[in-house]
Structure formats: structure tokens, C-alpha cells
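Q: Got a structure for you, questions after.
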Amino acid sequence: MARSPDDAASELREEMVELLRQLNRAEMEEPDGEGLELLELHHFLARGPYPRVTPDQVAEAVSVLLANGFTQVRGDPEYAWDRGRVLGTRYLITTEGKRFLISRLARVNRVE
């Protein structure tokens, strides 16, 4: 059954909020700002609140966040000791992304 445009937009918005939560969590755990790769973001969403999310849907949500200035790209190759490999393109939350996240979570009474 096809989703209505309103349902699709609502789901995308909630996915974006969850992506921002994950990026914020990653920044708090790694203050050096390593960021998270698309596959890592997909993993966090798929094992959590969105088990059916696809990598393409995560990429779409990240591109919307980028376009709105809520995330930024970090593409410099860097070896991550905790991951045991060189990191590829990854994403970090911006100050605007944090503002949006706080306002969104406060609106739905989920500030944690």
C-alpha cells in the first residue's frame, strides 16, 4: 500500500530527528569530531526505531539535513583507532542542527 505524501514527509522528518540525535550522541562521545558515516547512521536507525529503513532513505534524509545546514560533511581520511580503519566521508551535527533538535524534542516532550 502506497503511503500518502503527508505520511512520507512525517516519517522523513522523524528519521531526520533521529539522525540528528545520533550525530549529537557521537559528538558527545568523540569530542574530536570524527562524525558518522552513512552506513553507521543506517545501522543505528535500523537496529533502533526504524528497522525497515534503507540506506537510500538514510542518504536522502542526510542530504536534506545538509541542504538545511543541520549537518556538515567531513571527508578527510583519518584513521580511527576505535574502529580499526580509515574513515570515509562522514557527517557531523552543526550548531543549527542542535538548535533544531532541541526545539523538535522539546515540542514533543522528549528532551533527554
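Following the order of the C-alpha cells, first chain is A, next is B, and so on, with residues numbered from 1 inside each chain and ligands from 1 in the order they appear.
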Excluding same-chain residues fewer than 6 positions from segment 16-33 of chain A, what lies within 10 Å of it counting only C-alpha atoms, as a ChimeraX atom specification?
A: /A:10,40-42,44-45,48-50,58,60-65,70-71,74,90-94,97-98,100-102,104-105
Q: Identify, with DSSP run on backbone atoms, the residues in segment 47-77 of chain A assigned to strand (DSSP E), and express the list as a PDB file with C-alpha atoms, in the first residue's frame.
A:
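File out-v5.pdb, as written:
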```
ATOM      1  CA  THR A  71      24.847  18.718   9.272  1.00  0.00           C
ATOM      2  CA  GLN A  72      28.216  19.160   7.640  1.00  0.00           C
ATOM      3  CA  VAL A  73      30.472  16.823   5.701  1.00  0.00           C
ATOM      4  CA  ARG A  74      33.906  15.767   6.793  1.00  0.00           C
TER       5      ARG A  74
END
```
Q: Give the answer as one residue: which of A:Ala67, A:Asp82, A:Pro55, A:Leu12 has the shortest atom-to-atom distance to His43 of chain A, using only C-alpha atoms?
A: A:Pro55
Q: Could you jot down the atom CA of Glu37 of chain A to atom CA of Arg107 of chain A separation for me, Å, one decimal place?
A: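 Atom-to-atom, atom CA of Glu37 of chain A to atom CA of Arg107 of chain A, that is 28.2 Å.
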Q: Just how far from atom CA of Ala106 of chain A is atom CA of Ala9 of chain A, in Å to one decimal?
A: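 Separation between atom CA of Ala9 of chain A and atom CA of Ala106 of chain A: 19.9 Å.
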Q: Between atom CA of Gly84 of chain A and atom CA of Glu34 of chain A, measure the distance and give it in Å to one decimal.
A: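 Atom CA of Glu34 of chain A lies at a distance of 13.3 Å from atom CA of Gly84 of chain A.
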